[in-house]
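First up is the structure itself, then whatever we jot down about it.
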Amino acid sequence: MPEGSGNLRRQLRSVRAAAAAGIVYAICSSVALTILLASPAVSAPQAEVREYYGRAQAGDQAVLAINLMLVSVVGFLWFMAVIRHHIGIDEPKLFGTVFFGGGLLYAGLLLVGTAALAAPAVLVGVGGQVADPGAAAMARSVGIVILAGFATRVQALFLSATSTLGLRTGTLPRWSVVVSYIIGLVLFLDITFTQPSIYLFPAWVALVSIVLIFRPPRRD
C-alpha cells in the first residue's frame, strides 16, 4: 500500500476519533445539567431547599456533575478543532474569528454556570456546612441566568458562525446548515429560561459530530 494512502487513512481515523469527542460533550454535558437542574427550583420553599441539601448524596452528585462537565468542555474543544480541520486553509477570517471566540466564550460560561449551580451542594457535601436557603437560591439563579440566558445567546452566535463556515467552504451538507440556522434562531429568540432549550445545543453538536465522522476532510 502506498505511504500516502496509509497516511491518509491514519489521518481519517484520528479525525473521526476527535469528532467523536463532540458526542462525548453532548452526553456528558446533558447528564451533568440533568443532575444539577434536579435540585429545587428558585421559587421552592425554604423547607424543600433544606431537605434537598440535607441529603448525604447531594454533594456526591454535585461533584460527579462537575467532573462530567469538565470532560464535556474538553470534548467541545476537540469538536471545535475537528471543524477547523475540515474547513482547511480557506477559512473566512471574519466568521472563523467569531467561531473561535464564541466557542471559547461558551466553554467559559458553561464552567461558570456549572460552578454556580453546584456550589450549594459542594458546600454541604465537601465543606460539611449547612446551606442557607436564600444563598442557595441566589447561586442557582446566577447559574440559570448564565446557562439559560447568556450561554444560549453565545450558542446561537457559535451556531451561525459554524453554519456559515460550513456553507461557504462545503464542509457541512446543506441540510445540516439549514437545521443549524433554525436551531440557532430558536436559541437566540428563546427568552423563557426553560430547561429544554439547554439541551438543544448538545443535540446539535452530536448531530454535526456524526456528520463529520462520515464526511472526509477536504484534501487541501
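For the C-alpha cells, the naming scheme is as follows: chains receive sequential letters (A, B, ...) according to their order of presentation, residues are indexed from 1 within each chain, and ligands are indexed from 1 in presentation order.
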- request: Skip range 20-24 of chain A itself and residues of its chain fewer than 6 positions away, then list as number ranges by chain all residues within 6 Å of it, counting only C-alpha atoms.
  value: A: 75-76, 79, 205-206, 209
message: Going by DSSP on the backbone, which residues of range 56-165 of chain A come out as alpha helix (DSSP H)? List them as a PyMOL selection string.
response: chain A and resi 57-87+93-125+133-144+151-165
task: For Gly59 in chain A, list every protein, DNA or RNA residue within 12 Å, evaluated using only C-alpha atoms, and leave out those in the same chain fewer than 6 positions away; present the list as a PyMOL selection string.
output: chain A and resi 35-36+39+52-53+65-66+117-131
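Using only C-alpha atoms for every distance, the candidate list A:Leu110, A:Ile182, A:Val71, A:Ala137 yields A:Val71 as the residue closest to Ile27 in chain A.
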field: Test item: residues at most 10 Å from Ala32 in chain A, only C-alpha atoms, excluding those fewer than 2 positions along its chain, as a VMD selection string
entry: chain A and resid 27 to 30 34 to 37 61 to 70 72 114
Using C-alpha atoms, can you write the selected residues to a file as a CSV table (one decimal), in the first residue's frame?
chain,number,residue,atom,x,y,z
A,27,ILE,CA,-23.7,13.1,26.5
A,28,CYS,CA,-21.6,14.4,29.5
A,29,SER,CA,-23.0,17.9,29.4
A,30,SER,CA,-26.6,16.7,29.2
A,34,THR,CA,-29.8,17.0,34.4
A,35,ILE,CA,-28.1,16.3,37.7
A,36,LEU,CA,-27.6,20.0,38.5
A,37,LEU,CA,-31.1,21.0,37.5
A,61,GLN,CA,-24.0,14.2,42.8
A,62,ALA,CA,-22.6,17.8,42.5
A,63,VAL,CA,-19.0,16.5,42.3
A,64,LEU,CA,-20.0,14.0,39.7
A,65,ALA,CA,-21.7,16.7,37.7
A,66,ILE,CA,-18.6,19.0,37.9
A,67,ASN,CA,-16.3,16.2,36.6
A,68,LEU,CA,-18.7,15.3,33.8
A,69,MET,CA,-18.9,19.0,32.8
A,70,LEU,CA,-15.1,19.2,32.7
A,72,SER,CA,-17.6,17.7,28.2
A,114,THR,CA,-21.9,24.8,36.5
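Reported to one decimal place, the separation of CA of Leu172 in chain A from CA of Leu157 in chain A is 17.2 Å.
Here CA of Tyr25 in chain A is placed at a distance of 22.5 Å from CA of Asp190 in chain A.
Between CA of Val154 in chain A and CA of Arg140 in chain A there is a distance of 20.0 Å.
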statement: Using only C-alpha atoms, the residue out of A:Gly184, A:Gly134, A:Gly101, A:Gly170 with shortest distance to Leu212 in chain A is A:Gly170
